[in-house]
$ cat start.txt   # compact mmCIF, C-alpha atoms
# COMPACT_ATOMS: atom_id res chain seq x y z
CA MET A 1 0.00 0.00 0.00
CA ASN A 2 2.90 2.37 0.69
CA LYS A 3 4.07 1.76 -2.88
CA THR A 4 0.56 2.55 -4.09
CA LEU A 5 0.53 5.83 -2.18
CA ALA A 6 3.94 6.72 -3.58
CA LEU A 7 2.73 5.95 -7.11
CA VAL A 8 -0.38 8.08 -6.60
CA SER A 9 1.81 10.96 -5.42
CA VAL A 10 3.97 10.67 -8.54
CA ILE A 11 0.91 10.55 -10.81
CA PHE A 12 -0.57 13.68 -9.22
CA ALA A 13 2.77 15.48 -9.46
CA VAL A 14 3.15 14.57 -13.16
CA ILE A 15 -0.44 15.59 -13.96
CA GLY A 16 0.05 18.84 -12.05
CA ALA A 17 3.23 19.63 -13.96
CA ALA A 18 1.52 18.89 -17.29
CA LEU A 19 -1.42 21.14 -16.40
CA LEU A 20 0.91 23.97 -15.37
CA VAL A 21 2.77 23.64 -18.68
CA GLY A 22 -0.59 23.77 -20.46
CA ALA A 23 -1.53 26.90 -18.50
CA ALA A 24 1.75 28.55 -19.45
CA ILE A 25 1.26 27.68 -23.13
CA ALA A 26 -2.33 28.99 -23.10
CA GLY A 27 -1.25 32.19 -21.36
CA LEU A 28 1.64 32.81 -23.75
CA ASP A 29 -0.65 32.13 -26.71
CA ALA A 30 -3.19 34.70 -25.48
CA ARG A 31 -0.43 37.24 -24.85
CA ALA A 32 1.09 36.70 -28.31
CA PHE A 33 -2.36 37.06 -29.89
CA LEU A 34 -2.94 40.40 -28.16
CA GLU A 35 0.46 41.68 -29.28
CA GLN A 36 -0.18 40.83 -32.94
CA ALA A 37 -3.93 41.24 -33.32
CA GLU A 38 -5.79 44.03 -35.05
CA THR A 39 -8.90 45.17 -33.23
CA THR A 40 -12.33 46.08 -34.54
CA THR A 41 -15.98 45.96 -33.54
CA ALA A 42 -18.12 42.88 -34.12
CA GLU A 43 -21.87 42.36 -33.88
CA VAL A 44 -23.59 39.39 -32.24
CA VAL A 45 -25.59 37.82 -35.07
CA ALA A 46 -26.64 34.51 -33.45
CA LEU A 47 -26.71 32.59 -30.17
CA ASP A 48 -26.00 28.93 -30.83
CA GLU A 49 -27.63 26.59 -28.32
CA HIS A 50 -26.03 23.37 -27.14
CA ARG A 51 -26.23 21.15 -24.07
CA ASP A 52 -23.46 20.35 -21.63
CA SER A 53 -22.80 16.94 -20.05
CA ASP A 54 -25.55 17.59 -17.47
CA GLY A 55 -28.11 18.37 -20.13
CA ASP A 56 -28.25 22.11 -19.36
CA VAL A 57 -28.69 24.49 -22.29
CA LEU A 58 -25.75 26.83 -22.95
CA TYR A 59 -25.45 29.68 -25.43
CA ARG A 60 -22.42 30.34 -27.61
CA PRO A 61 -22.42 33.77 -29.31
CA VAL A 62 -21.67 34.10 -33.02
CA PHE A 63 -19.96 37.33 -34.12
CA ARG A 64 -19.63 39.07 -37.47
CA PHE A 65 -17.14 41.79 -38.35
CA THR A 66 -15.36 43.32 -41.32
CA THR A 67 -11.57 43.30 -41.52
CA SER A 68 -9.48 46.30 -42.54
CA ALA A 69 -9.18 44.62 -45.96
CA GLY A 70 -12.97 44.56 -46.35
CA GLN A 71 -13.43 40.83 -45.73
CA VAL A 72 -16.58 39.85 -43.80
CA ILE A 73 -15.81 37.26 -41.11
CA THR A 74 -18.22 35.23 -38.96
CA PHE A 75 -16.87 33.28 -35.98
CA ARG A 76 -18.11 31.57 -32.83
CA SER A 77 -16.90 32.43 -29.37
CA SER A 78 -14.68 29.91 -27.59
CA THR A 79 -16.86 30.12 -24.47
CA SER A 80 -20.53 29.54 -23.77
CA SER A 81 -22.77 30.34 -20.83
CA ALA A 82 -26.28 30.36 -19.42
CA PRO A 83 -27.80 32.88 -19.50
CA PRO A 84 -26.15 34.26 -22.66
CA ALA A 85 -23.18 36.54 -22.01
CA TYR A 86 -24.27 38.74 -24.95
CA GLN A 87 -27.55 39.79 -26.53
CA MET A 88 -28.49 39.68 -30.20
CA GLY A 89 -27.26 42.81 -31.98
CA GLU A 90 -24.81 43.69 -29.20
CA ARG A 91 -21.51 45.11 -30.43
CA ILE A 92 -18.20 44.20 -28.79
CA LYS A 93 -14.49 44.60 -29.44
CA VAL A 94 -12.73 41.65 -31.10
CA GLY A 95 -9.20 40.91 -32.19
CA TYR A 96 -7.98 39.07 -35.30
CA LEU A 97 -4.76 38.26 -37.10
CA ALA A 98 -4.49 39.64 -40.62
CA ALA A 99 -3.12 36.33 -41.87
CA ALA A 100 -5.98 34.31 -40.31
CA PRO A 101 -8.98 36.54 -39.57
CA GLU A 102 -11.27 33.51 -39.25
CA ARG A 103 -9.47 32.71 -35.98
CA ALA A 104 -10.68 35.91 -34.35
CA ARG A 105 -11.43 36.15 -30.64
CA ASP A 106 -13.68 38.35 -28.62
CA LEU A 107 -11.47 40.31 -26.25
CA SER A 108 -13.40 39.50 -23.07
CA TRP A 109 -11.40 38.30 -20.08
CA SER A 110 -12.99 34.84 -20.11
CA SER A 111 -12.26 34.28 -23.79
CA LEU A 112 -8.60 35.21 -23.40
CA TRP A 113 -7.67 33.96 -19.94
CA LEU A 114 -10.26 31.49 -18.59
CA LEU A 115 -8.45 28.42 -19.96
CA THR A 116 -5.18 29.63 -18.47
CA LEU A 117 -6.85 30.12 -15.09
CA ILE A 118 -8.55 26.71 -15.07
CA LEU A 119 -5.40 24.83 -16.10
CA GLY A 120 -3.31 26.82 -13.63
CA VAL A 121 -5.61 26.19 -10.67
CA LEU A 122 -5.91 22.47 -11.45
CA GLY A 123 -2.16 22.28 -11.93
CA VAL A 124 -1.43 23.92 -8.60
CA VAL A 125 -3.90 21.63 -6.80
CA CYS A 126 -2.53 18.42 -8.35
CA SER A 127 1.07 19.51 -7.79
CA ALA A 128 0.30 20.37 -4.18
CA ILE A 129 -1.30 16.95 -3.60
CA GLY A 130 1.58 15.07 -5.20
CA GLY A 131 4.39 17.23 -3.86
CA GLY A 132 2.79 17.59 -0.44
CA SER A 133 2.40 13.84 -0.03
CA PHE A 134 6.03 13.32 -1.06
CA ALA A 135 7.21 16.03 1.34
CA VAL A 136 5.22 14.52 4.22
CA ARG A 137 6.75 11.09 3.62
CA ARG A 138 10.25 12.57 3.47
CA ALA A 139 9.66 14.55 6.67
CA ARG A 140 8.36 11.47 8.48
CA ALA A 141 11.34 9.41 7.33
CA ALA A 142 13.73 12.12 8.53
CA LEU A 143 11.95 12.31 11.89
CA ARG A 144 12.13 8.51 12.32
CA ALA A 145 15.84 8.54 11.56
CA ARG A 146 16.51 11.39 13.99
CA LEU A 147 14.48 9.91 16.82
CA THR A 148 15.96 6.43 16.33
CA ARG A 149 19.42 7.99 16.53
CA ASP A 150 18.99 10.70 19.17
CA GLY A 151 15.62 10.08 20.88
CA ARG A 152 14.95 8.63 24.31
CA ARG A 153 14.30 4.91 24.07
CA ILE A 154 11.38 3.86 26.28
CA GLU A 155 9.49 0.61 26.78
CA THR A 156 5.72 0.91 26.38
CA GLN A 157 2.86 -1.48 27.06
CA PHE A 158 0.55 -2.68 24.32
CA GLN A 159 -3.03 -1.41 24.64
CA ASN A 160 -4.94 -2.31 21.50
CA VAL A 161 -5.14 -2.07 17.71
CA GLN A 162 -7.35 0.64 16.26
CA VAL A 163 -8.65 1.33 12.76
CA ASN A 164 -7.80 4.80 11.48
CA ALA A 165 -11.26 5.77 10.24
CA GLN A 166 -10.10 9.26 9.21
CA PHE A 167 -8.06 7.98 6.28
CA ALA A 168 -8.72 5.47 3.51
CA VAL A 169 -7.24 4.38 0.20
CA ASN A 170 -9.57 2.63 -2.24
CA GLY A 171 -12.06 2.25 0.61
CA VAL A 172 -9.51 0.55 2.90
CA ASN A 173 -8.66 2.03 6.31
CA PRO A 174 -5.23 1.46 7.87
CA TRP A 175 -4.58 0.09 11.37
CA ARG A 176 -2.55 1.57 14.21
CA ILE A 177 -0.98 -0.03 17.28
CA VAL A 178 -1.71 1.87 20.50
CA THR A 179 0.61 1.62 23.53
CA GLN A 180 0.98 3.46 26.85
CA TRP A 181 3.83 4.51 29.13
CA LYS A 182 3.87 6.05 32.59
CA ASN A 183 6.57 8.64 33.06
CA PRO A 184 8.35 7.64 36.28
CA ALA A 185 9.48 11.21 36.93
CA SER A 186 6.11 12.96 36.63
CA GLY A 187 3.65 10.09 36.93
CA ASP A 188 1.94 11.24 33.70
CA LEU A 189 0.48 8.58 31.42
CA HIS A 190 1.38 8.87 27.75
CA LEU A 191 -0.39 7.17 24.84
CA PHE A 192 1.39 6.42 21.57
CA GLN A 193 0.20 5.37 18.13
CA SER A 194 2.19 3.60 15.45
CA GLU A 195 2.36 4.78 11.86
CA ASP A 196 -0.45 3.61 9.57
CA LEU A 197 -0.27 -0.13 8.88
CA TRP A 198 -1.98 -1.67 5.85
CA PHE A 199 -2.79 -5.00 7.48
CA ASP A 200 -4.20 -5.98 10.87
CA PRO A 201 -1.16 -6.45 13.17
CA SER A 202 -3.16 -7.97 16.05
CA ALA A 203 -1.82 -11.50 15.56
CA HIS A 204 1.79 -10.31 15.48
CA ILE A 205 2.07 -8.28 18.71
CA PRO A 206 4.93 -9.74 20.80
CA TYR A 207 4.62 -10.58 24.51
CA ARG A 208 7.10 -7.89 25.48
CA PRO A 209 7.22 -4.10 25.76
CA LEU A 210 7.08 -2.20 22.48
CA ILE A 211 9.86 0.33 21.91
CA VAL A 212 9.09 4.01 21.33
CA TYR A 213 11.73 6.64 20.61
CA LEU A 214 10.74 9.92 22.24
CA ASP A 215 11.94 13.44 21.54
CA PRO A 216 13.15 14.58 24.99
CA GLU A 217 12.31 18.20 24.20
CA ASN A 218 8.88 17.53 22.71
CA PRO A 219 7.04 14.37 23.86
CA LYS A 220 4.50 14.84 21.07
CA LYS A 221 7.19 13.82 18.61
CA TYR A 222 7.90 10.10 18.77
CA TYR A 223 8.37 7.00 16.68
CA MET A 224 7.12 3.52 17.53
CA ASP A 225 9.41 0.75 16.35
CA VAL A 226 7.28 -1.74 14.40
CA SER A 227 10.19 -3.57 12.78
CA PHE A 228 9.00 -6.76 14.52
CA LEU A 229 6.03 -6.96 12.14
CA PRO A 230 6.31 -9.26 9.11
CA LYS A 231 6.90 -7.67 5.75
CA VAL A 232 3.95 -7.66 3.39
CA VAL A 233 4.74 -9.22 0.00
CA GLN A 234 3.00 -7.27 -2.77

$ encode --input "start.txt" --output "structure tokens"
Amino acid sequence: MNKTLALVSVIFAVIGAALLVGAAIAGLDARAFLEQAETTTAEVVALDEHRDSDGDVLYRPVFRFTTSAGQVITFRSSTSSAPPAYQMGERIKVGYLAAAPERARDLSWSSLWLLTLILGVLGVVCSAIGGGSFAVRRARAALRARLTRDGRRIETQFQNVQVNAQFAVNGVNPWRIVTQWKNPASGDLHLFQSEDLWFDPSAHIPYRPLIVYLDPENPKKYYMDVSFLPKVVQ
């Protein structure tokens, strides 16, 4: 399961990177278009109706304009909405390239930048999921190494095995081993939980204290040694 989580993190990171590249390409394309385009006024001559995946009716405006060379061009907007963003006969500013006037665009913000925004937001979210998961695993590994090397080694008593209902992968919840330890200096009782385990460890708990490595400066930071558990063959 740990390998599955690592693979999912990589997939999200790759998808996020691809979406961010797409956002950059879309943004640069819009910027280049604005730098090269001639502008004029176009009239809304039709509102094409179509249905989205949910069956809702959307309206895509159709524009007509005349280029500086006298050519009459009709084109459809790249975006649609409900209710219509424009009314029949409404006049708006459009841009076009002299070499390809049929690829004109209305100069509204959504027509120019909406795709860039959507790809960018999705890219950031996917990258954050993938990169964040990787960073958390690296941080946990570094903490385990530090505590195993420098932490206070204590012997704790097994309490029970609990299901971590707050987390699931493909509908499967991990297990955690719970132990306790009474601080002889203060008399305080401390409870510890193992890292998430992707099989029920109940049958493999040894009849001896379980070792926990404790940060002497911050008891909330600890690592339970579960190396006694059998390795899962995947």

$ residues_near_point --input "start.txt" --point "(-8.4, 43.0, -34.8)" --cutoff "12 Å" --atoms "all atoms listed in the file" --output "PyMOL selection string"
chain A and resi 33-42+65-69+73+92-107

$ closest_residue --input "start.txt" --among "A:Ala32, A:Pro83, A:Arg91, A:Met224" --to "Val45 of chain A" --atoms "only C-alpha atoms"
A:Arg91

$ atom_distance --input "start.txt" --atom1 "atom CA of Cys126 of chain A" --atom2 "atom CA of Ala13 of chain A"
6.2 Å

$ closest_residue --input "start.txt" --among "A:Val161, A:Ile205, A:Leu197, A:Leu147" --to "Pro219 of chain A" --atoms "all atoms listed in the file"
A:Leu147

$ residues_around --input "start.txt" --residues "Val178 of chain A" --least-positions-apart "5" --cutoff "7 Å" --atoms "all atoms listed in the file" --output "list in words"
Phe158, Gln159, Asn160, Val161, Leu191, Phe192, Gln193 and Ser194 of chain A

$ closest_residue --input "start.txt" --among "A:Val8, A:Ser110, A:Val44, A:Leu117" --to "Gly22 of chain A" --atoms "only C-alpha atoms"
A:Leu117

$ closest_residue --input "start.txt" --among "A:Trp175, A:Ala139, A:Ala30, A:Lys221" --to "Ser108 of chain A" --atoms "only C-alpha atoms"
A:Ala30

$ residues_around --input "start.txt" --residues "Asp215 of chain A" --least-positions-apart "2" --cutoff "8 Å" --atoms "only C-alpha atoms" --output "list in words"
Leu147, Asp150, Gly151, Arg152, Tyr213, Glu217, Asn218, Pro219, Lys220, Lys221 and Tyr222 of chain A

$ closest_residue --input "start.txt" --among "A:Arg176, A:His50, A:Arg138, A:Lys231" --to "Gln162 of chain A" --atoms "all atoms listed in the file"
A:Arg176

$ residues_around --input "start.txt" --residues "Lys182 of chain A" --least-positions-apart "3" --cutoff "12 Å" --atoms "only C-alpha atoms" --output "PyMOL selection string"
chain A and resi 154-157+179+185-192

$ build_atoms --input "start.txt" --residues "segment 18-45 of chain A" --atoms "N, CA and C atoms" --output "mmCIF file, in the coordinates of the input"
data_model
loop_
_atom_site.group_PDB
_atom_site.id
_atom_site.type_symbol
_atom_site.label_atom_id
_atom_site.label_comp_id
_atom_site.auth_asym_id
_atom_site.auth_seq_id
_atom_site.Cartn_x
_atom_site.Cartn_y
_atom_site.Cartn_z
ATOM 1 N N ALA A 18 2.050 18.791 -15.925
ATOM 2 C CA ALA A 18 1.520 18.890 -17.290
ATOM 3 C C ALA A 18 0.464 19.996 -17.396
ATOM 4 N N LEU A 19 -0.396 20.093 -16.387
ATOM 5 C CA LEU A 19 -1.420 21.140 -16.400
ATOM 6 C C LEU A 19 -0.796 22.534 -16.304
ATOM 7 N N LEU A 20 0.235 22.669 -15.498
ATOM 8 C CA LEU A 20 0.910 23.970 -15.370
ATOM 9 C C LEU A 20 1.598 24.350 -16.681
ATOM 10 N N VAL A 21 2.183 23.357 -17.361
ATOM 11 C CA VAL A 21 2.770 23.640 -18.680
ATOM 12 C C VAL A 21 1.681 24.077 -19.649
ATOM 13 N N GLY A 22 0.524 23.378 -19.606
ATOM 14 C CA GLY A 22 -0.590 23.770 -20.460
ATOM 15 C C GLY A 22 -1.075 25.178 -20.169
ATOM 16 N N ALA A 23 -1.117 25.542 -18.877
ATOM 17 C CA ALA A 23 -1.530 26.900 -18.500
ATOM 18 C C ALA A 23 -0.550 27.929 -19.033
ATOM 19 N N ALA A 24 0.740 27.620 -18.937
ATOM 20 C CA ALA A 24 1.750 28.550 -19.450
ATOM 21 C C ALA A 24 1.628 28.721 -20.959
ATOM 22 N N ILE A 25 1.404 27.605 -21.671
ATOM 23 C CA ILE A 25 1.260 27.680 -23.130
ATOM 24 C C ILE A 25 0.028 28.494 -23.503
ATOM 25 N N ALA A 26 -1.099 28.240 -22.806
ATOM 26 C CA ALA A 26 -2.330 28.990 -23.100
ATOM 27 C C ALA A 26 -2.142 30.469 -22.813
ATOM 28 N N GLY A 27 -1.466 30.793 -21.704
ATOM 29 C CA GLY A 27 -1.250 32.190 -21.360
ATOM 30 C C GLY A 27 -0.337 32.892 -22.354
ATOM 31 N N LEU A 28 0.731 32.215 -22.767
ATOM 32 C CA LEU A 28 1.640 32.810 -23.750
ATOM 33 C C LEU A 28 0.960 32.984 -25.098
ATOM 34 N N ASP A 29 0.092 32.026 -25.442
ATOM 35 C CA ASP A 29 -0.650 32.130 -26.710
ATOM 36 C C ASP A 29 -1.573 33.343 -26.692
ATOM 37 N N ALA A 30 -2.293 33.546 -25.584
ATOM 38 C CA ALA A 30 -3.190 34.700 -25.480
ATOM 39 C C ALA A 30 -2.398 36.009 -25.532
ATOM 40 N N ARG A 31 -1.248 36.027 -24.853
ATOM 41 C CA ARG A 31 -0.430 37.240 -24.850
ATOM 42 C C ARG A 31 0.100 37.538 -26.246
ATOM 43 N N ALA A 32 0.587 36.506 -26.955
ATOM 44 C CA ALA A 32 1.090 36.700 -28.310
ATOM 45 C C ALA A 32 -0.016 37.185 -29.243
ATOM 46 N N PHE A 33 -1.230 36.625 -29.052
ATOM 47 C CA PHE A 33 -2.360 37.060 -29.890
ATOM 48 C C PHE A 33 -2.644 38.548 -29.686
ATOM 49 N N LEU A 34 -2.659 38.994 -28.430
ATOM 50 C CA LEU A 34 -2.940 40.400 -28.160
ATOM 51 C C LEU A 34 -1.875 41.309 -28.746
ATOM 52 N N GLU A 35 -0.626 40.842 -28.751
ATOM 53 C CA GLU A 35 0.460 41.680 -29.280
ATOM 54 C C GLU A 35 0.387 41.828 -30.792
ATOM 55 N N GLN A 36 -0.174 40.823 -31.478
ATOM 56 C CA GLN A 36 -0.180 40.830 -32.940
ATOM 57 C C GLN A 36 -1.537 41.183 -33.552
ATOM 58 N N ALA A 37 -2.583 41.122 -32.757
ATOM 59 C CA ALA A 37 -3.930 41.240 -33.320
ATOM 60 C C ALA A 37 -4.309 42.673 -33.674
ATOM 61 N N GLU A 38 -5.096 42.789 -34.737
ATOM 62 C CA GLU A 38 -5.790 44.030 -35.050
ATOM 63 C C GLU A 38 -7.132 43.990 -34.333
ATOM 64 N N THR A 39 -7.632 45.132 -33.948
ATOM 65 C CA THR A 39 -8.900 45.170 -33.230
ATOM 66 C C THR A 39 -9.962 45.887 -34.059
ATOM 67 N N THR A 40 -11.191 45.452 -33.868
ATOM 68 C CA THR A 40 -12.330 46.080 -34.540
ATOM 69 C C THR A 40 -13.572 45.787 -33.726
ATOM 70 N N THR A 41 -14.713 46.199 -34.225
ATOM 71 C CA THR A 41 -15.980 45.960 -33.540
ATOM 72 C C THR A 41 -16.778 44.900 -34.287
ATOM 73 N N ALA A 42 -17.314 43.953 -33.527
ATOM 74 C CA ALA A 42 -18.120 42.880 -34.120
ATOM 75 C C ALA A 42 -19.523 42.935 -33.538
ATOM 76 N N GLU A 43 -20.465 42.394 -34.307
ATOM 77 C CA GLU A 43 -21.870 42.360 -33.880
ATOM 78 C C GLU A 43 -22.276 40.915 -33.599
ATOM 79 N N VAL A 44 -23.055 40.704 -32.542
ATOM 80 C CA VAL A 44 -23.590 39.390 -32.240
ATOM 81 C C VAL A 44 -24.751 39.122 -33.198
ATOM 82 N N VAL A 45 -24.581 38.091 -34.054
ATOM 83 C CA VAL A 45 -25.590 37.820 -35.070
ATOM 84 C C VAL A 45 -26.363 36.527 -34.789
#
